[in-house]
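*Asks:* Input structure: query.pdb, which contains PDB, C-alpha atoms.
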ATOM      1  CA  MET L 205      58.393  25.571 -19.559
ATOM      2  CA  ASN L 206      54.949  27.181 -19.548
ATOM      3  CA  LYS L 207      52.236  25.460 -17.501
ATOM      4  CA  ARG L 208      48.620  26.068 -18.496
ATOM      5  CA  ALA L 209      45.919  25.967 -15.787
ATOM      6  CA  PHE L 210      42.161  26.228 -16.037
ATOM      7  CA  THR L 211      40.826  29.716 -15.698
ATOM      8  CA  LEU L 212      38.134  30.547 -13.153
ATOM      9  CA  ALA L 213      35.640  31.007 -15.956
ATOM     10  CA  GLU L 214      36.381  27.535 -17.348
ATOM     11  CA  VAL L 215      35.982  25.960 -13.921
ATOM     12  CA  LEU L 216      32.647  27.709 -13.365
ATOM     13  CA  ILE L 217      31.374  26.664 -16.797
ATOM     14  CA  THR L 218      32.357  23.044 -16.118
ATOM     15  CA  LEU L 219      30.634  23.074 -12.721
ATOM     16  CA  GLY L 220      27.570  24.592 -14.322
ATOM     17  CA  ILE L 221      27.412  21.838 -16.931
ATOM     18  CA  ILE L 222      27.797  19.172 -14.221
ATOM     19  CA  GLY L 223      24.999  20.818 -12.251
ATOM     20  CA  ILE L 224      22.669  20.851 -15.248
ATOM     21  CA  VAL L 225      23.359  17.196 -16.050
ATOM     22  CA  ALA L 226      22.800  16.239 -12.394
ATOM     23  CA  ALA L 227      19.537  18.184 -12.274
ATOM     24  CA  MET L 228      18.338  16.359 -15.377
ATOM     25  CA  THR L 229      19.305  12.841 -14.326
ATOM     26  CA  LEU L 230      18.951  12.816 -10.533
ATOM     27  CA  PRO L 231      15.116  12.789 -10.433
ATOM     28  CA  ALA L 232      15.066   9.745 -12.729
ATOM     29  CA  VAL L 233      17.633   7.953 -10.561
ATOM     30  CA  ILE L 234      15.648   8.725  -7.405
ATOM     31  CA  ALA L 235      12.368   7.604  -8.999
ATOM     32  CA  LYS L 236      13.932   4.327 -10.138
ATOM     33  CA  TYR L 237      15.279   3.679  -6.645
ATOM     34  CA  GLN L 238      11.870   4.380  -5.095
ATOM     35  CA  LYS L 239      10.180   1.935  -7.470
ATOM     36  CA  VAL L 240      12.713  -0.787  -6.675
ATOM     37  CA  GLN L 241      12.220  -0.139  -2.980
ATOM     38  CA  LEU L 242       8.418  -0.293  -3.206
ATOM     39  CA  LYS L 243       8.569  -3.550  -5.169
ATOM     40  CA  SER L 244      10.844  -5.086  -2.529
ATOM     41  CA  GLN L 245       8.577  -3.893   0.271
ATOM     42  CA  LEU L 246       5.518  -5.363  -1.447
ATOM     43  CA  ASN L 247       7.127  -8.780  -1.782
ATOM     44  CA  LYS L 248       8.217  -8.678   1.845
ATOM     45  CA  SER L 249       4.743  -7.659   3.055
ATOM     46  CA  TYR L 250       3.082 -10.434   1.055
ATOM     47  CA  SER L 251       5.405 -13.017   2.592
ATOM     48  CA  VAL L 252       4.856 -11.698   6.126
ATOM     49  CA  MET L 253       1.069 -11.686   5.734
ATOM     50  CA  GLN L 254       1.039 -15.224   4.342
ATOM     51  CA  ASN L 255       3.231 -16.514   7.176
ATOM     52  CA  ALA L 256       0.907 -14.908   9.715
ATOM     53  CA  LEU L 257      -2.083 -16.665   8.165
ATOM     54  CA  GLN L 258      -0.330 -20.023   8.296
ATOM     55  CA  LYS L 259       0.541 -19.517  11.948
ATOM     56  CA  MET L 260      -2.991 -18.357  12.701
ATOM     57  CA  GLN L 261      -4.454 -21.505  11.148
ATOM     58  CA  ALA L 262      -1.974 -23.725  12.995
ATOM     59  CA  ASP L 263      -2.804 -22.087  16.334
ATOM     60  CA  THR L 264      -6.586 -21.984  15.955
ATOM     61  CA  GLY L 265      -7.238 -25.036  13.802
ATOM     62  CA  VAL L 266      -9.624 -22.889  11.773
ATOM     63  CA  THR L 267      -9.248 -21.996   8.094
ATOM     64  CA  PRO L 268      -8.891 -18.211   7.886
ATOM     65  CA  ASN L 269     -11.668 -17.045   5.591
ATOM     66  CA  ALA L 270     -14.741 -14.829   5.590
ATOM     67  CA  GLN L 271     -17.087 -17.658   6.534
ATOM     68  CA  ASN L 272     -15.189 -18.584   9.698
ATOM     69  CA  PHE L 273     -14.735 -15.061  11.037
ATOM     70  CA  SER L 274     -17.868 -13.013  11.548
ATOM     71  CA  ARG L 275     -18.078  -9.263  11.137
ATOM     72  CA  GLN L 276     -14.948  -7.460  12.378
ATOM     73  CA  LYS L 277     -13.659 -10.555  14.237
ATOM     74  CA  PHE L 278     -10.779 -11.478  11.938
ATOM     75  CA  LYS L 279      -8.464  -8.653  12.938
ATOM     76  CA  GLU L 280      -8.357  -9.516  16.642
ATOM     77  CA  GLU L 281      -7.003 -12.998  15.856
ATOM     78  CA  TYR L 282      -4.797 -12.050  12.906
ATOM     79  CA  ILE L 283      -2.914  -9.302  14.769
ATOM     80  CA  LYS L 284      -1.554 -11.842  17.265
ATOM     81  CA  ASN L 285       0.791 -13.210  14.619
ATOM     82  CA  PHE L 286       2.766 -10.027  13.915
ATOM     83  CA  ASN L 287       5.376  -7.880  15.571
ATOM     84  CA  VAL L 288       3.079  -4.886  16.102
ATOM     85  CA  LEU L 289       4.149  -1.314  16.703
ATOM     86  CA  LEU L 290       0.661   0.133  17.125
ATOM     87  CA  ASP L 291      -2.852  -1.300  17.254
ATOM     88  CA  CYS L 292      -5.142   1.153  15.465
ATOM     89  CA  GLY L 293      -8.304  -0.652  16.531
ATOM     90  CA  LEU L 294     -11.109  -0.980  14.032
ATOM     91  CA  GLY L 295     -10.435   2.465  12.640
ATOM     92  CA  SER L 296     -10.462   5.812  14.357
ATOM     93  CA  THR L 297     -13.017   5.348  17.102
ATOM     94  CA  ASP L 298     -11.386   2.820  19.423
ATOM     95  CA  VAL L 299      -7.632   3.439  19.113
ATOM     96  CA  THR L 300      -6.088   3.967  22.551
ATOM     97  CA  ASP L 301      -2.810   5.622  21.564
ATOM     98  CA  LYS L 302      -4.353   8.640  19.869
ATOM     99  CA  GLU L 303      -1.108  10.643  19.721
ATOM    100  CA  ASN L 304       0.744   8.050  17.635
ATOM    101  CA  ALA L 305      -2.428   7.209  15.732
ATOM    102  CA  GLN L 306      -2.309  10.685  14.220
ATOM    103  CA  GLU L 307       0.971   9.756  12.532
ATOM    104  CA  TYR L 308       0.709   6.063  11.753
ATOM    105  CA  CYS L 309      -2.986   5.117  11.380
ATOM    106  CA  VAL L 310      -5.738   6.073   8.989
ATOM    107  CA  ASN L 311      -7.246   7.755  12.012
ATOM    108  CA  GLU L 312      -9.783   9.880  10.178
ATOM    109  CA  GLN L 313     -11.852   7.292   8.409
ATOM    110  CA  THR L 314     -13.728   9.702   6.173
ATOM    111  CA  ASN L 315     -13.153  13.019   4.536
ATOM    112  CA  HIS L 316     -16.787  13.047   3.455
ATOM    113  CA  ASP L 317     -19.587  10.530   3.048
ATOM    114  CA  GLU L 318     -21.911   9.992   0.112
ATOM    115  CA  GLY L 319     -24.391   7.249   0.934
ATOM    116  CA  ASP L 320     -22.389   4.037   1.264
ATOM    117  CA  ARG L 321     -19.247   5.663  -0.144
ATOM    118  CA  ARG L 322     -16.594   6.639   2.398
ATOM    119  CA  TYR L 323     -13.730   8.712   1.081
ATOM    120  CA  THR L 324     -10.447   8.856   2.955
ATOM    121  CA  LYS L 325      -8.138  11.837   2.638
ATOM    122  CA  HIS L 326      -5.047   9.652   3.054
ATOM    123  CA  TYR L 327      -5.011   7.866  -0.311
ATOM    124  CA  LYS L 328      -5.686   8.585  -3.965
ATOM    125  CA  THR L 329      -6.690   6.216  -6.739
ATOM    126  CA  TYR L 330      -4.096   4.658  -9.060
ATOM    127  CA  ASN L 331      -4.306   7.470 -11.602
ATOM    128  CA  LYS L 332      -4.641  10.133  -8.881
ATOM    129  CA  LYS L 333      -7.987  11.344 -10.226
ATOM    130  CA  THR L 334      -9.738  11.267  -6.855
ATOM    131  CA  GLN L 335      -9.593  10.105  -3.255
ATOM    132  CA  ILE L 336     -10.257   6.397  -2.808
ATOM    133  CA  ASP L 337     -13.407   4.914  -1.365
ATOM    134  CA  ASN L 338     -12.376   3.621   2.053
ATOM    135  CA  THR L 339     -15.069   0.931   2.233
ATOM    136  CA  LEU L 340     -12.653  -1.942   1.525
ATOM    137  CA  LEU L 341     -10.194  -0.904   4.249
ATOM    138  CA  ASN L 342     -12.159  -0.076   7.380
ATOM    139  CA  ASN L 343     -12.645  -3.132   9.592
ATOM    140  CA  GLY L 344      -9.384  -3.085  11.512
ATOM    141  CA  GLN L 345      -5.874  -1.783  11.110
ATOM    142  CA  PHE L 346      -2.484  -2.024  12.791
ATOM    143  CA  VAL L 347       1.083  -0.901  12.175
ATOM    144  CA  LEU L 348       3.990  -3.367  12.066
ATOM    145  CA  SER L 349       7.410  -2.695  13.554
ATOM    146  CA  ASP L 350       8.824  -1.901  10.095
ATOM    147  CA  GLY L 351       6.151   0.766   9.501
ATOM    148  CA  THR L 352       3.852  -1.277   7.252
ATOM    149  CA  LEU L 353       0.188  -0.438   7.796
ATOM    150  CA  ILE L 354      -2.214  -3.396   7.570
ATOM    151  CA  LEU L 355      -5.878  -2.617   6.799
ATOM    152  CA  ILE L 356      -8.655  -5.210   6.868
ATOM    153  CA  GLU L 357     -12.112  -5.486   5.326
ATOM    154  CA  ASN L 358     -14.210  -8.037   7.237
ATOM    155  CA  TRP L 359     -17.804  -6.815   7.155
ATOM    156  CA  ASP L 360     -19.842  -9.641   5.657
ATOM    157  CA  THR L 361     -19.535 -13.419   5.322
ATOM    158  CA  GLY L 362     -18.745 -13.288   1.625
ATOM    159  CA  ASN L 363     -15.484 -11.371   1.353
ATOM    160  CA  LEU L 364     -12.363 -10.739   3.382
ATOM    161  CA  TYR L 365      -9.652  -8.399   2.113
ATOM    162  CA  ILE L 366      -6.262  -7.519   3.586
ATOM    163  CA  SER L 367      -4.405  -4.450   2.347
ATOM    164  CA  ALA L 368      -0.909  -3.231   3.118
ATOM    165  CA  ASP L 369       0.550   0.250   2.836
ATOM    166  CA  VAL L 370       4.050  -1.098   2.429
ATOM    167  CA  ASN L 371       5.823   2.084   3.549
ATOM    168  CA  GLY L 372       3.188   3.546   5.891
ATOM    169  CA  ILE L 373       0.981   6.606   5.534
ATOM    170  CA  LYS L 374       3.823   8.956   6.550
ATOM    171  CA  ASN L 375       5.604   8.192   3.268
ATOM    172  CA  SER L 376       4.508   8.998  -0.270
ATOM    173  CA  PRO L 377       3.048   8.326  -2.723
ATOM    174  CA  ASN L 378       0.024   7.018  -0.739
ATOM    175  CA  ILE L 379      -1.648   5.799  -3.931
ATOM    176  CA  TRP L 380      -3.660   2.600  -4.339
ATOM    177  CA  GLY L 381      -1.585   0.351  -6.567
ATOM    178  CA  GLN L 382       1.713   2.133  -5.945
ATOM    179  CA  ASP L 383       2.378   1.705  -2.229
ATOM    180  CA  LEU L 384      -1.059   0.522  -1.029
ATOM    181  CA  PHE L 385      -1.843  -3.024  -2.194
ATOM    182  CA  THR L 386      -4.875  -5.244  -1.614
ATOM    183  CA  PHE L 387      -5.182  -9.031  -1.314
ATOM    184  CA  GLN L 388      -8.223 -11.296  -1.120
ATOM    185  CA  LEU L 389      -8.454 -14.105   1.416
ATOM    186  CA  MET L 390     -10.046 -16.997  -0.444
ATOM    187  CA  ASP L 391     -12.370 -19.684   0.915
ATOM    188  CA  ASN L 392      -9.465 -22.150   1.166
ATOM    189  CA  GLY L 393      -7.487 -19.749   3.359
ATOM    190  CA  LYS L 394      -5.037 -18.717   0.631
ATOM    191  CA  LEU L 395      -4.109 -15.061   0.293
ATOM    192  CA  MET L 396      -4.325 -14.058  -3.354
ATOM    193  CA  PRO L 397      -3.166 -10.752  -4.870
ATOM    194  CA  MET L 398      -6.168  -8.753  -6.021
ATOM    195  CA  GLY L 399      -6.385  -8.691  -9.802
ATOM    196  CA  MET L 400      -5.442 -12.348 -10.113
ATOM    197  CA  PRO L 401      -8.003 -14.371 -12.094
ATOM    198  CA  GLY L 402     -10.655 -15.555  -9.647
ATOM    199  CA  THR L 403     -10.436 -12.556  -7.313
ATOM    200  CA  ASN L 404     -13.254 -10.039  -7.107
ATOM    201  CA  TYR L 405     -11.637  -7.071  -8.870
ATOM    202  CA  GLN L 406      -9.814  -7.200 -12.193
ATOM    203  CA  PRO L 407      -7.163  -4.770 -13.447
ATOM    204  CA  GLU L 408      -8.883  -3.727 -16.678
ATOM    205  CA  GLN L 409     -11.140  -1.427 -14.635
ATOM    206  CA  PHE L 410      -9.495  -1.375 -11.248
ATOM    207  CA  CYS L 411      -5.855  -0.769 -12.204
ATOM    208  CA  SER L 412      -6.494   1.718 -14.955
ATOM    209  CA  LYS L 413      -4.856   4.950 -16.079
ATOM    210  CA  THR L 414      -8.248   6.290 -17.183
ATOM    211  CA  SER L 415     -10.911   4.893 -14.839
ATOM    212  CA  SER L 416     -12.575   7.356 -12.472
ATOM    213  CA  HIS L 417     -13.844   4.584 -10.172
ATOM    214  CA  THR L 418     -13.032   5.219  -6.526
ATOM    215  CA  TYR L 419     -11.716   1.643  -6.196
ATOM    216  CA  ASN L 420      -9.229   2.178  -9.032
ATOM    217  CA  GLY L 421      -5.965   0.656  -7.817
ATOM    218  CA  VAL L 422      -7.404  -2.188  -5.776
ATOM    219  CA  ALA L 423      -6.580  -4.715  -8.535
ATOM    220  CA  CYS L 424      -2.994  -3.608  -9.253
ATOM    221  CA  THR L 425      -1.458  -6.078  -6.817
ATOM    222  CA  TYR L 426      -1.332  -9.061  -9.167
ATOM    223  CA  TRP L 427       0.374  -7.074 -11.926
ATOM    224  CA  ALA L 428       2.801  -5.537  -9.436
ATOM    225  CA  LEU L 429       3.884  -8.985  -8.240
ATOM    226  CA  THR L 430       4.048 -10.744 -11.614
ATOM    227  CA  ASP L 431       4.932  -8.159 -14.270
ATOM    228  CA  ASP L 432       8.225  -6.293 -13.936
ATOM    229  CA  SER L 433       7.126  -3.715 -16.493
ATOM    230  CA  PHE L 434       4.377  -2.583 -14.109
ATOM    231  CA  TRP L 435       6.934  -0.670 -12.080
ATOM    232  CA  ASN L 436       8.267   1.169 -15.117
ATOM    233  CA  VAL L 437       4.978   2.900 -15.887
ATOM    234  CA  LEU L 438       3.764   4.022 -12.486
ATOM    235  CA  THR L 439       1.568   7.102 -12.797
ATOM    236  CA  ARG L 440       3.699   9.269 -10.558
TER
END
Would you mind writing the file's structure down as structure tokens?
*Replies:*
Amino acid sequence: MNKRAFTLAEVLITLGIIGIVAAMTLPAVIAKYQKVQLKSQLNKSYSVMQNALQKMQADTGVTPNAQNFSRQKFKEEYIKNFNVLLDCGLGSTDVTDKENAQEYCVNEQTNHDEGDRRYTKHYKTYNKKTQIDNTLLNNGQFVLSDGTLILIENWDTGNLYISADVNGIKNSPNIWGQDLFTFQLMDNGKLMPMGMPGTNYQPEQFCSKTSSHTYNGVACTYWALTDDSFWNVLTR
């Protein structure tokens, strides 16, 4: 009885087809996995930051808000409630572990200055049109044991913002609204995702595919936490 086997040419053609299909589908699979991972990391970071605030209030007896913590004083109390890998100080000037700061902290606060605008080279806006204005991130930062980078804005008595790079600056995409997310600490001590009604920045302008504003991305947090379709249209 004759037995028919595949020829070498047929095997090579089949492998070639498999390779083409894999090349076409693998990037989409990887991108979907990354989005799922970032969403999970955001939810985890939000929970960890909220728990730290509750513990901070229980320990101090003081409502954590902008009125009760004067300029650049919030970070020194807040950091006590985390498992911290590295204290980055208030930015780049006072970090003690400069070697690790190069890898884990936003150690160079500005790429260039224009008046009150301070542009960091580490992050881009939501639509990747430009580097972000660092003004809302530069009053204290520290890295958690899981690699999350916490950045605080605590300059005046009116506003207090806490941002989290949920996978650290060593990992892409380093884009505001994709792996860097900002929250507003309200007068009652509640941590609200920026973009939620009542917070200072709204997504129509500050989570936009077209806006050229250097804060674009700051208000994506609310959508990212409440709208599953947000993760399907990331501007990557």
*Asks:* Could you check how far atom CA of L:Thr264 sits from atom CA of L:Pro397, in Å to one decimal?
*Replies:*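 These two atoms are separated by 23.9 Å.
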*Asks:* Near stretch 273-286 of chain L, counting all atoms listed in the file, which residues have an atom at most 6 Å away, once you skip same-chain residues fewer than 4 positions from it, shown as a VMD selection string?
*Replies:* chain L and resid 256 343 to 344 358 to 360
*Asks:* Would you mind reading off the distance between atom CA of L:Leu355 and atom CA of L:Asn272, one decimal, in Å?
*Replies:*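 It comes out at 18.7 Å.
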*Asks:* Once you count only C-alpha atoms, which residues end up no further than 9 Å from (-1.8, -10.2, -9.2) in the file's frame, shown as a PDB file with C-alpha atoms, in the frame of the given file?
*Replies:*
ATOM      1  CA  PHE L 387      -5.182  -9.031  -1.314  1.00  0.00           C
ATOM      2  CA  MET L 396      -4.325 -14.058  -3.354  1.00  0.00           C
ATOM      3  CA  PRO L 397      -3.166 -10.752  -4.870  1.00  0.00           C
ATOM      4  CA  MET L 398      -6.168  -8.753  -6.021  1.00  0.00           C
ATOM      5  CA  GLY L 399      -6.385  -8.691  -9.802  1.00  0.00           C
ATOM      6  CA  MET L 400      -5.442 -12.348 -10.113  1.00  0.00           C
ATOM      7  CA  PRO L 401      -8.003 -14.371 -12.094  1.00  0.00           C
ATOM      8  CA  PRO L 407      -7.163  -4.770 -13.447  1.00  0.00           C
ATOM      9  CA  ALA L 423      -6.580  -4.715  -8.535  1.00  0.00           C
ATOM     10  CA  CYS L 424      -2.994  -3.608  -9.253  1.00  0.00           C
ATOM     11  CA  THR L 425      -1.458  -6.078  -6.817  1.00  0.00           C
ATOM     12  CA  TYR L 426      -1.332  -9.061  -9.167  1.00  0.00           C
ATOM     13  CA  TRP L 427       0.374  -7.074 -11.926  1.00  0.00           C
ATOM     14  CA  ALA L 428       2.801  -5.537  -9.436  1.00  0.00           C
ATOM     15  CA  LEU L 429       3.884  -8.985  -8.240  1.00  0.00           C
ATOM     16  CA  THR L 430       4.048 -10.744 -11.614  1.00  0.00           C
ATOM     17  CA  ASP L 431       4.932  -8.159 -14.270  1.00  0.00           C
TER      18      ASP L 431
END
*Asks:* Using all atoms listed in the file, which of the listed residues (L:Thr414, L:Ser367, L:Gln388, L:Gln271) sits closest to L:Gly402?
*Replies:* L:Gln388
*Asks:* Give me the residues near L:His326 as a ChimeraX atom specification, where near means some atom within 8 Å (using all atoms listed in the file) and where sequence neighbours in that chain fewer than 3 positions away do not count.
*Replies:* /L:310,335,373,378
*Asks:* Separation of atom CA of L:Thr324 and atom CA of L:Gln409, in Å?
*Replies:* 20.4 Å
*Asks:* Which is closest to L:Val288 among L:Thr418, L:Ser349, L:Thr386, L:Asn436, if we use only C-alpha atoms?
*Replies:*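 Comparing L:Thr418, L:Ser349, L:Thr386, L:Asn436 against L:Val288, the winner is L:Ser349.
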*Asks:* Can you list, as a short mmCIF file (atom, residue, chain, number, x, y, z; two decimals) with C-alpha atoms, keeping the file's coordinate frame, the residues that the PyMOL selection byres ((chain L and resi 330) around 9) selects here?
*Replies:*
data_model
loop_
_atom_site.label_atom_id
_atom_site.label_comp_id
_atom_site.auth_asym_id
_atom_site.auth_seq_id
_atom_site.Cartn_x
_atom_site.Cartn_y
_atom_site.Cartn_z
CA LYS L 328 -5.69 8.59 -3.96
CA THR L 329 -6.69 6.22 -6.74
CA ASN L 331 -4.31 7.47 -11.60
CA LYS L 332 -4.64 10.13 -8.88
CA LYS L 333 -7.99 11.34 -10.23
CA THR L 334 -9.74 11.27 -6.86
CA ILE L 336 -10.26 6.40 -2.81
CA ILE L 379 -1.65 5.80 -3.93
CA TRP L 380 -3.66 2.60 -4.34
CA GLY L 381 -1.58 0.35 -6.57
CA GLN L 382 1.71 2.13 -5.94
CA PHE L 410 -9.49 -1.38 -11.25
CA CYS L 411 -5.86 -0.77 -12.20
CA SER L 412 -6.49 1.72 -14.96
CA LYS L 413 -4.86 4.95 -16.08
CA SER L 415 -10.91 4.89 -14.84
CA TYR L 419 -11.72 1.64 -6.20
CA ASN L 420 -9.23 2.18 -9.03
CA GLY L 421 -5.96 0.66 -7.82
CA VAL L 422 -7.40 -2.19 -5.78
CA CYS L 424 -2.99 -3.61 -9.25
CA LEU L 438 3.76 4.02 -12.49
CA THR L 439 1.57 7.10 -12.80
#
